[in-house]
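Undergrad: What follows is structure39.txt, made up of compact mmCIF, C-alpha atoms and all ligand atoms:
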# COMPACT_ATOMS: atom_id res chain seq x y z
CA MET A 1 -115.49 186.05 129.83
CA LEU A 2 -118.37 187.95 131.35
CA VAL A 3 -121.35 188.28 129.03
CA LEU A 4 -124.04 190.86 129.72
CA GLY A 5 -127.23 191.12 127.67
CA CYS A 6 -129.46 194.18 127.30
CA THR A 7 -132.84 193.26 125.93
CA SER A 8 -136.51 194.14 126.10
CA GLN A 9 -139.84 193.37 124.49
CA LYS A 10 -140.19 197.10 123.78
CA GLY A 11 -138.29 199.50 121.57
CA GLY A 12 -136.78 202.75 122.79
CA VAL A 13 -136.41 201.74 126.44
CA ALA A 14 -132.64 202.46 126.61
CA LYS A 15 -131.16 199.05 125.78
CA SER A 16 -128.49 200.59 123.59
CA SER A 17 -127.85 203.38 126.11
CA LEU A 18 -127.36 200.84 128.90
CA ALA A 19 -125.20 198.56 126.72
CA ARG A 20 -122.99 201.49 125.69
CA LEU A 21 -122.73 202.72 129.26
CA LEU A 22 -121.65 199.29 130.49
CA ALA A 23 -119.13 198.81 127.68
CA ARG A 24 -117.68 202.28 128.13
CA GLU A 25 -117.30 201.79 131.90
CA PHE A 26 -115.57 198.43 131.44
CA ALA A 27 -113.21 200.01 128.90
CA ALA A 28 -112.53 202.95 131.24
CA LYS A 29 -111.57 200.45 133.97
CA GLY A 30 -109.00 198.94 131.62
CA ARG A 31 -110.98 195.79 130.82
CA ARG A 32 -110.95 194.38 127.31
CA VAL A 33 -114.54 194.77 126.22
CA LEU A 34 -116.56 194.19 123.08
CA LEU A 35 -119.99 195.63 122.44
CA ALA A 36 -122.01 193.58 119.96
CA ASP A 37 -124.80 195.43 118.19
CA LEU A 38 -127.42 192.80 117.32
CA ASP A 39 -129.78 195.34 115.78
CA LEU A 40 -128.25 195.77 112.36
CA LEU A 41 -131.27 197.65 111.01
CA GLN A 42 -130.79 200.57 113.40
CA ALA A 43 -127.11 199.96 114.23
CA THR A 44 -127.37 202.46 117.11
CA SER A 45 -124.24 201.26 118.91
CA LEU A 46 -122.25 200.94 115.69
CA GLU A 47 -123.11 204.52 114.77
CA TRP A 48 -122.21 205.62 118.29
CA ALA A 49 -118.80 203.97 117.96
CA ARG A 50 -118.23 205.67 114.62
CA ARG A 51 -119.05 209.08 116.13
CA ARG A 52 -116.73 208.42 119.06
CA VAL A 53 -113.86 207.54 116.74
CA GLU A 54 -114.51 210.66 114.62
CA ALA A 55 -114.52 212.81 117.74
CA GLY A 56 -111.36 211.12 119.06
CA LEU A 57 -113.03 210.15 122.32
CA ARG A 58 -111.38 207.91 124.89
CA PRO A 59 -111.50 205.18 126.00
CA ASP A 60 -111.78 203.12 122.83
CA VAL A 61 -114.91 201.00 122.92
CA PRO A 62 -114.80 198.36 120.17
CA VAL A 63 -118.23 197.73 118.68
CA VAL A 64 -119.11 195.06 116.13
CA GLY A 65 -122.34 194.47 114.26
CA CYS A 66 -123.49 190.86 114.55
CA GLU A 67 -126.40 189.09 112.91
CA SER A 68 -126.52 186.45 115.64
CA VAL A 69 -125.50 185.79 119.24
CA LYS A 70 -123.27 182.96 118.01
CA HIS A 71 -121.43 185.39 115.76
CA ALA A 72 -121.00 187.84 118.67
CA LEU A 73 -119.59 185.11 120.94
CA LYS A 74 -117.18 184.02 118.21
CA GLN A 75 -115.97 187.59 117.69
CA ALA A 76 -115.50 188.06 121.44
CA ARG A 77 -113.49 184.84 121.77
CA GLN A 78 -111.32 185.77 118.81
CA ALA A 79 -110.65 189.19 120.35
CA ASP A 80 -110.02 187.50 123.71
CA VAL A 81 -112.05 190.08 125.64
CA ASP A 82 -112.89 190.08 129.36
CA CYS A 83 -116.42 191.21 128.76
CA LEU A 84 -118.98 191.01 125.97
CA VAL A 85 -122.02 193.28 126.06
CA LEU A 86 -124.94 192.31 123.83
CA ASP A 87 -127.19 195.12 122.60
CA ALA A 88 -130.32 193.29 121.47
CA ARG A 89 -133.13 194.24 119.12
CA GLY A 90 -136.19 196.25 120.14
CA PHE A 91 -138.56 193.33 120.47
CA ALA A 92 -138.65 189.86 122.00
CA ASP A 93 -138.14 186.90 119.71
CA ALA A 94 -136.13 183.70 119.61
CA GLN A 95 -132.94 185.76 119.62
CA THR A 96 -133.92 187.15 123.03
CA LEU A 97 -133.74 183.66 124.45
CA LYS A 98 -130.34 183.13 122.86
CA VAL A 99 -129.10 186.40 124.38
CA ALA A 100 -130.53 185.32 127.73
CA TRP A 101 -128.78 181.96 127.62
CA ALA A 102 -125.46 183.44 126.57
CA ALA A 103 -125.50 186.15 129.26
CA GLU A 104 -124.40 185.88 132.88
CA ALA A 105 -126.96 188.57 133.57
CA LEU A 106 -129.78 189.74 131.37
CA LEU A 107 -130.78 193.36 131.88
CA ILE A 108 -134.23 194.56 130.86
CA PRO A 109 -134.54 198.34 130.98
CA SER A 110 -138.08 199.53 131.64
CA GLY A 111 -140.00 202.74 132.15
CA LEU A 112 -141.60 203.30 135.55
CA ALA A 113 -145.19 203.28 134.30
CA VAL A 114 -147.20 200.12 134.85
CA ASP A 115 -147.79 199.95 131.09
CA ASP A 116 -144.02 199.63 130.65
CA LEU A 117 -143.34 197.53 133.71
CA LEU A 118 -146.03 194.90 133.18
CA PRO A 119 -144.70 193.52 129.86
CA ALA A 120 -141.14 193.69 131.21
CA VAL A 121 -142.09 191.61 134.25
CA ARG A 122 -143.98 189.19 132.01
CA LEU A 123 -140.93 188.82 129.81
CA ALA A 124 -138.75 188.18 132.89
CA HIS A 125 -141.18 185.49 134.07
CA GLU A 126 -141.33 183.94 130.62
CA LEU A 127 -137.54 183.78 130.48
CA THR A 128 -137.20 182.28 133.94
CA ARG A 129 -139.83 179.70 132.99
CA ALA A 130 -137.62 178.93 129.97
CA GLY A 131 -134.82 178.21 132.45
CA VAL A 132 -132.85 181.45 132.32
CA PRO A 133 -131.24 181.70 135.77
CA ARG A 134 -130.93 185.44 136.23
CA VAL A 135 -133.06 188.22 134.79
CA GLN A 136 -132.88 191.79 136.07
CA ILE A 137 -135.19 194.69 135.36
CA GLY A 138 -133.74 198.19 135.52
CA MET A 139 -136.08 201.14 135.89
CA ARG A 140 -135.53 203.89 133.39
CA SER A 141 -136.49 207.19 134.97
CA ALA A 142 -139.19 209.18 133.23
CA ALA A 143 -141.08 211.16 135.87
CA PRO A 144 -140.37 214.89 136.31
CA ALA A 145 -138.79 216.89 139.16
CA THR A 146 -137.48 215.27 142.32
CA ARG A 147 -138.88 211.85 141.51
CA ARG A 148 -136.92 211.88 138.27
CA ALA A 149 -133.72 212.84 140.04
CA ARG A 150 -134.26 210.10 142.63
CA SER A 151 -134.97 207.50 139.96
CA ARG A 152 -131.89 208.46 137.98
CA ARG A 153 -129.71 208.05 141.04
CA ARG A 154 -131.24 204.64 141.66
CA HIS A 155 -130.79 203.71 138.01
CA ALA A 156 -127.12 204.65 138.21
CA THR A 157 -126.72 202.62 141.42
CA SER A 158 -128.41 199.68 139.74
CA VAL A 159 -126.03 199.83 136.82
CA ARG A 160 -123.01 200.02 139.11
CA ARG A 161 -124.22 197.02 141.09
CA ALA A 162 -125.05 195.09 137.94
CA THR A 163 -121.53 195.60 136.62
CA THR A 164 -119.90 194.15 139.70
CA ALA A 165 -118.86 190.80 138.35
CA SER A 166 -118.48 189.24 141.78
CA ARG A 167 -122.16 189.76 142.47
CA LEU A 168 -123.26 187.83 139.43
CA PRO A 169 -124.17 184.22 140.12
CA GLY A 170 -122.83 181.25 138.19
CA ARG A 171 -124.99 179.35 135.71
CA SER A 172 -125.66 176.74 138.36
CA GLY A 173 -127.54 179.23 140.58
CA PRO A 174 -131.24 178.84 141.23
CA ALA A 175 -133.71 180.21 138.72
CA THR A 176 -134.75 183.61 139.98
CA ALA A 177 -136.42 186.64 138.51
CA GLY A 178 -134.30 189.00 140.57
CA LEU A 179 -134.68 192.74 140.16
CA MET A 180 -131.73 195.01 139.75
CA THR A 181 -131.71 196.48 143.23
CA LYS A 182 -134.29 196.58 145.98
CA ALA A 183 -133.93 200.37 146.03
CA ALA A 184 -134.87 200.62 142.37
CA LEU A 185 -138.17 198.87 142.87
CA PRO A 186 -141.57 200.49 143.08
CA PRO A 187 -143.59 199.43 146.17
CA ARG A 188 -144.14 195.68 146.51
CA ARG A 189 -147.85 196.21 145.88
CA ALA A 190 -147.13 197.56 142.39
CA ILE A 191 -144.89 194.60 141.56
CA ARG A 192 -147.54 192.15 142.79
CA ARG A 193 -150.06 193.86 140.53
CA CYS A 194 -147.64 193.39 137.63
CA ARG A 195 -147.16 189.67 138.18
CA PRO A 196 -148.82 187.63 135.47
CA ARG A 197 -151.50 185.41 136.94
CA PRO A 198 -151.22 181.74 136.01
CA GLY A 199 -154.24 180.17 134.36
CA PRO A 200 -155.18 178.46 131.13
CA SER A 201 -157.31 181.38 129.92
CA ARG A 202 -154.39 183.82 129.99
CA PRO A 203 -152.80 184.12 126.53
CA ALA A 204 -149.07 183.49 126.35
CA PRO A 205 -147.54 186.94 126.83
CA TRP A 206 -144.72 186.41 124.48
CA HIS A 207 -145.88 184.53 121.44
CA SER A 208 -142.92 184.92 119.16
CA LEU A 209 -140.42 183.27 121.54
CA ARG A 210 -141.04 179.75 120.29
CA ARG A 211 -141.55 180.61 116.67
CA GLY A 212 -137.86 180.42 115.86
CA GLN A 213 -137.46 183.87 114.35
CA ALA A 214 -133.86 184.44 115.48
N1 LIG A 301 -132.07 206.70 131.74
C1 LIG A 301 -132.74 207.31 130.77
N2 LIG A 301 -133.73 208.17 131.07
C2 LIG A 301 -134.42 208.79 130.10
N3 LIG A 301 -134.20 208.63 128.79
C3 LIG A 301 -133.23 207.80 128.42
C4 LIG A 301 -132.45 207.07 129.39
N4 LIG A 301 -131.57 206.30 128.72
C5 LIG A 301 -131.79 206.54 127.40
N5 LIG A 301 -132.77 207.43 127.21
C6 LIG A 301 -133.27 207.90 125.90
O1 LIG A 301 -134.19 206.94 125.39
C7 LIG A 301 -134.12 206.92 123.96
C8 LIG A 301 -133.96 205.50 123.45
O2 LIG A 301 -132.69 205.03 123.90
P1 LIG A 301 -132.00 203.76 123.22
O3 LIG A 301 -131.71 203.99 121.78
O4 LIG A 301 -130.86 203.42 124.12
O5 LIG A 301 -133.17 202.69 123.38
P2 LIG A 301 -133.26 201.24 122.76
O6 LIG A 301 -134.06 200.44 123.71
O7 LIG A 301 -131.92 200.73 122.41
O8 LIG A 301 -134.09 201.53 121.44
P3 LIG A 301 -134.34 200.48 120.23
O9 LIG A 301 -135.34 199.50 120.72
O10 LIG A 301 -134.87 201.37 119.14
O11 LIG A 301 -133.03 199.84 119.91
C9 LIG A 301 -132.97 207.83 123.56
O12 LIG A 301 -133.52 209.06 123.16
C10 LIG A 301 -132.19 207.98 124.84
O13 LIG A 301 -131.51 209.22 124.90
MG MG A 302 -131.13 199.96 120.54
Output the file's structure in the form of structure tokens.
TA:
Amino acid sequence: MLVLGCTSQKGGVAKSSLARLLAREFAAKGRRVLLADLDLLQATSLEWARRRVEAGLRPDVPVVGCESVKHALKQARQADVDCLVLDARGFADAQTLKVAWAAEALLIPSGLAVDDLLPAVRLAHELTRAGVPRVQIGMRSAAPATRRARSRRRHATSVRRATTASRLPGRSGPATAGLMTKAALPPRRAIRRCRPRPGPSRPAPWHSLRRGQA
């Protein structure tokens, strides 16, 4: 079973949109898929599924609300699905690490602005330091005019590539903070600027991770 996780340290960055897109595309390709909504307060994906059923839309995309990653994995095994997509909550906490460990690939949607990108890159570094083998950041387009159109095309390409199961490495692969596609990246200079600098004076960027608030 392929497990994909959509997470972020920020709210409103398109985690649920990406998770729904992935699940819908898997279902359209005839795969047995389950989308697990881990954000029971907002229940964005659950509501989306309800609206789809009411509107009679195809393909069917089964969505379940889960209070934990363990619960989602259990539901997916019981349903014997090919693919489980995890739609995580709008902040980083201990559950983020559980999503990261369960997933073959962890997708972090991000806006293009440095203010958005910097915490996303920090989160990716924090996760890879915690031993997560594969973290990918997808740029969510936000700029107007031609740049927006270009970014959206890249975003779509990134999603297509990310869904190609054969490209996803096994758990034994080396720890890398890979980015979704080279084409989706801003210039290398911008990424270098976003890299957290090591040093004892720098506060841990992601305090809640080790507090056990799953
Ligand atoms: N590629 C995109 N470009 C621009 N806007 C987008 C894109 N994808 C989604 N959005 C918009 O961003 C908003 C937030 O989307 P979504 O609910 O998927 O985010 P989220 O990260 O799941 O939010 P939350 O943290 O509250 O769960 C929605 O209004 C959605 O339509
Ligand atoms: Mg959401």
Undergrad: Could you tell me which of A:Thr96, A:Gln78, A:Ser17, A:Ser45 comes closest to ligand LIG 301 (chain A) if we count only C-alpha atoms and all ligand atoms?
TA: A:Ser17
Undergrad: Which residues, written as an mmCIF file with C-alpha atoms, keeping the file's coordinate frame, have at least one atom at most 12 Å from region 69-73 of chain A, with all atoms listed in the file counted and residues fewer than 3 positions away on the same chain left out?
TA:
data_model
loop_
_atom_site.group_PDB
_atom_site.id
_atom_site.type_symbol
_atom_site.label_atom_id
_atom_site.label_comp_id
_atom_site.auth_asym_id
_atom_site.auth_seq_id
_atom_site.Cartn_x
_atom_site.Cartn_y
_atom_site.Cartn_z
ATOM 1 C CA MET A 1 -115.490 186.050 129.830
ATOM 2 C CA LEU A 2 -118.370 187.950 131.350
ATOM 3 C CA VAL A 3 -121.350 188.280 129.030
ATOM 4 C CA LEU A 4 -124.040 190.860 129.720
ATOM 5 C CA GLY A 5 -127.230 191.120 127.670
ATOM 6 C CA LEU A 34 -116.560 194.190 123.080
ATOM 7 C CA LEU A 35 -119.990 195.630 122.440
ATOM 8 C CA ALA A 36 -122.010 193.580 119.960
ATOM 9 C CA ASP A 37 -124.800 195.430 118.190
ATOM 10 C CA LEU A 38 -127.420 192.800 117.320
ATOM 11 C CA ASP A 39 -129.780 195.340 115.780
ATOM 12 C CA VAL A 63 -118.230 197.730 118.680
ATOM 13 C CA VAL A 64 -119.110 195.060 116.130
ATOM 14 C CA GLY A 65 -122.340 194.470 114.260
ATOM 15 C CA CYS A 66 -123.490 190.860 114.550
ATOM 16 C CA ALA A 76 -115.500 188.060 121.440
ATOM 17 C CA ARG A 77 -113.490 184.840 121.770
ATOM 18 C CA GLN A 78 -111.320 185.770 118.810
ATOM 19 C CA ALA A 79 -110.650 189.190 120.350
ATOM 20 C CA ASP A 80 -110.020 187.500 123.710
ATOM 21 C CA VAL A 81 -112.050 190.080 125.640
ATOM 22 C CA ASP A 82 -112.890 190.080 129.360
ATOM 23 C CA CYS A 83 -116.420 191.210 128.760
ATOM 24 C CA LEU A 84 -118.980 191.010 125.970
ATOM 25 C CA VAL A 85 -122.020 193.280 126.060
ATOM 26 C CA LEU A 86 -124.940 192.310 123.830
ATOM 27 C CA ASP A 87 -127.190 195.120 122.600
ATOM 28 C CA ALA A 88 -130.320 193.290 121.470
ATOM 29 C CA ARG A 89 -133.130 194.240 119.120
ATOM 30 C CA ALA A 94 -136.130 183.700 119.610
ATOM 31 C CA GLN A 95 -132.940 185.760 119.620
ATOM 32 C CA THR A 96 -133.920 187.150 123.030
ATOM 33 C CA LEU A 97 -133.740 183.660 124.450
ATOM 34 C CA LYS A 98 -130.340 183.130 122.860
ATOM 35 C CA VAL A 99 -129.100 186.400 124.380
ATOM 36 C CA ALA A 100 -130.530 185.320 127.730
ATOM 37 C CA TRP A 101 -128.780 181.960 127.620
ATOM 38 C CA ALA A 102 -125.460 183.440 126.570
ATOM 39 C CA ALA A 103 -125.500 186.150 129.260
ATOM 40 C CA ALA A 214 -133.860 184.440 115.480
#
Undergrad: Out of A:Leu18, A:Ala27, A:Met139, A:Ala130, which residue has the shortest atom-to-atom distance to Ala113 (chain A) when counting only C-alpha atoms?
TA: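 Ranking A:Leu18, A:Ala27, A:Met139, A:Ala130 by distance to Ala113 (chain A), first place goes to A:Met139.
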Undergrad: Could you make a table, as CSV, of the residues of chain A that have an atom within 6 Å of an atom of ligand MG 302 (chain A), each with its nearest atom pair and distance in Å to one decimal, counting only C-alpha atoms and all ligand atoms, in chain and number order?
TA:
residue,atom,partner,partner_atom,distance
A:Lys15,CA,A:MG302,MG,5.3
A:Ser16,CA,A:MG302,MG,4.1
A:Thr44,CA,A:MG302,MG,5.7
Undergrad: Between A:Ala92, A:Ala14, A:Ala19, A:Leu41, which has the minimum distance to Glu67 (chain A) (counting only C-alpha atoms)?
TA: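 Closest to Glu67 (chain A), using only C-alpha atoms: A:Leu41.
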Undergrad: Of the candidates A:Leu118, A:Val132, A:Val33, A:Leu46, which shows the shortest atom-to-atom distance to ligand LIG 301 (chain A), using only C-alpha atoms and all ligand atoms?
TA: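 Looking only at the distances to ligand LIG 301 (chain A), the closest residue turns out to be A:Leu46.
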Undergrad: Have a look at CA of His125 (chain A) and CA of Arg20 (chain A) and let me know their distance in Å, one decimal.
TA: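 So the answer is 25.6 Å.
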Undergrad: What gap, in Å, lies between CA of Ala124 (chain A) and CA of Ile137 (chain A)?
TA: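 Straight-line distance from CA of Ala124 (chain A) to CA of Ile137 (chain A) works out to 7.8 Å.
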Undergrad: Just the number, please: distance in Å from atom C10 of ligand LIG 301 (chain A) to CA of Glu54 (chain A), one decimal.
TA: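 Those two atoms sit 20.6 Å apart.
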Undergrad: Give the answer as one residue: which of A:Arg32, A:Val121, A:Gln75, A:Leu107 has the shortest atom-to-atom distance to ligand LIG 301 (chain A), using only C-alpha atoms and all ligand atoms?
TA: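 Closest to ligand LIG 301 (chain A) of all the choices is A:Leu107.
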Undergrad: Could you tell me which of A:Gly131, A:Gly111, A:Pro62, A:Gly138 comes closest to Gly11 (chain A) if we count all atoms listed in the file?
TA: A:Gly111
Undergrad: Give me the residues near Ser8 (chain A) as a ChimeraX atom specification, where near means some atom within 7 Å (using only C-alpha atoms) and where sequence neighbours in that chain fewer than 6 positions away do not count.
TA: /A:90-92,108-109,120
Undergrad: Take region 36-57 of chain A from the block and save it with N, CA and C atoms, as an mmCIF file, in the first residue's frame.
TA:
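Below is the file that was written, result_32.cif:
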data_model
loop_
_atom_site.group_PDB
_atom_site.id
_atom_site.type_symbol
_atom_site.label_atom_id
_atom_site.label_comp_id
_atom_site.auth_asym_id
_atom_site.auth_seq_id
_atom_site.Cartn_x
_atom_site.Cartn_y
_atom_site.Cartn_z
ATOM 1 N N ALA A 36 -7.703 9.943 4.223
ATOM 2 C CA ALA A 36 -7.946 10.062 5.668
ATOM 3 C C ALA A 36 -7.814 11.523 6.078
ATOM 4 N N ASP A 37 -8.898 12.079 6.575
ATOM 5 C CA ASP A 37 -8.898 13.459 7.057
ATOM 6 C C ASP A 37 -8.496 13.439 8.529
ATOM 7 N N LEU A 38 -7.299 13.957 8.812
ATOM 8 C CA LEU A 38 -6.798 13.940 10.193
ATOM 9 C C LEU A 38 -7.155 15.226 10.947
ATOM 10 N N ASP A 39 -7.789 16.143 10.238
ATOM 11 C CA ASP A 39 -8.179 17.405 10.860
ATOM 12 C C ASP A 39 -9.680 17.366 11.126
ATOM 13 N N LEU A 40 -10.040 16.773 12.253
ATOM 14 C CA LEU A 40 -11.462 16.566 12.514
ATOM 15 C C LEU A 40 -12.181 17.854 12.930
ATOM 16 N N LEU A 41 -11.415 18.874 13.324
ATOM 17 C CA LEU A 41 -12.049 20.143 13.669
ATOM 18 C C LEU A 41 -12.622 20.816 12.429
ATOM 19 N N GLN A 42 -11.824 20.839 11.363
ATOM 20 C CA GLN A 42 -12.291 21.478 10.122
ATOM 21 C C GLN A 42 -13.009 20.485 9.217
ATOM 22 N N ALA A 43 -12.502 19.254 9.197
ATOM 23 C CA ALA A 43 -13.089 18.180 8.370
ATOM 24 C C ALA A 43 -13.286 18.613 6.915
ATOM 25 N N THR A 44 -12.303 19.302 6.362
ATOM 26 C CA THR A 44 -12.414 19.826 4.991
ATOM 27 C C THR A 44 -12.650 18.707 3.975
ATOM 28 N N SER A 45 -11.860 17.650 4.078
ATOM 29 C CA SER A 45 -11.972 16.572 3.088
ATOM 30 C C SER A 45 -13.253 15.762 3.288
ATOM 31 N N LEU A 46 -13.651 15.609 4.556
ATOM 32 C CA LEU A 46 -14.909 14.896 4.824
ATOM 33 C C LEU A 46 -16.095 15.648 4.216
ATOM 34 N N GLU A 47 -16.085 16.973 4.412
ATOM 35 C CA GLU A 47 -17.161 17.802 3.860
ATOM 36 C C GLU A 47 -17.172 17.736 2.338
ATOM 37 N N TRP A 48 -15.947 17.736 1.783
ATOM 38 C CA TRP A 48 -15.794 17.656 0.319
ATOM 39 C C TRP A 48 -16.403 16.349 -0.195
ATOM 40 N N ALA A 49 -16.138 15.258 0.520
ATOM 41 C CA ALA A 49 -16.678 13.958 0.108
ATOM 42 C C ALA A 49 -18.204 13.966 0.179
ATOM 43 N N ARG A 50 -18.720 14.592 1.240
ATOM 44 C CA ARG A 50 -20.181 14.649 1.384
ATOM 45 C C ARG A 50 -20.803 15.419 0.214
ATOM 46 N N ARG A 51 -20.166 16.547 -0.147
ATOM 47 C CA ARG A 51 -20.695 17.343 -1.273
ATOM 48 C C ARG A 51 -20.616 16.574 -2.582
ATOM 49 N N ARG A 52 -19.541 15.810 -2.756
ATOM 50 C CA ARG A 52 -19.402 15.014 -3.985
ATOM 51 C C ARG A 52 -20.505 13.961 -4.088
ATOM 52 N N VAL A 53 -20.772 13.316 -2.950
ATOM 53 C CA VAL A 53 -21.824 12.285 -2.952
ATOM 54 C C VAL A 53 -23.171 12.924 -3.276
ATOM 55 N N GLU A 54 -23.444 14.081 -2.628
ATOM 56 C CA GLU A 54 -24.726 14.776 -2.863
ATOM 57 C C GLU A 54 -24.890 15.173 -4.325
ATOM 58 N N ALA A 55 -23.759 15.566 -4.936
ATOM 59 C CA ALA A 55 -23.813 16.005 -6.337
ATOM 60 C C ALA A 55 -23.713 14.829 -7.304
ATOM 61 N N GLY A 56 -23.518 13.634 -6.781
ATOM 62 C CA GLY A 56 -23.423 12.438 -7.630
ATOM 63 C C GLY A 56 -22.182 12.414 -8.498
ATOM 64 N N LEU A 57 -21.098 12.987 -7.985
ATOM 65 C CA LEU A 57 -19.877 13.058 -8.809
ATOM 66 C C LEU A 57 -19.120 11.738 -8.812
#
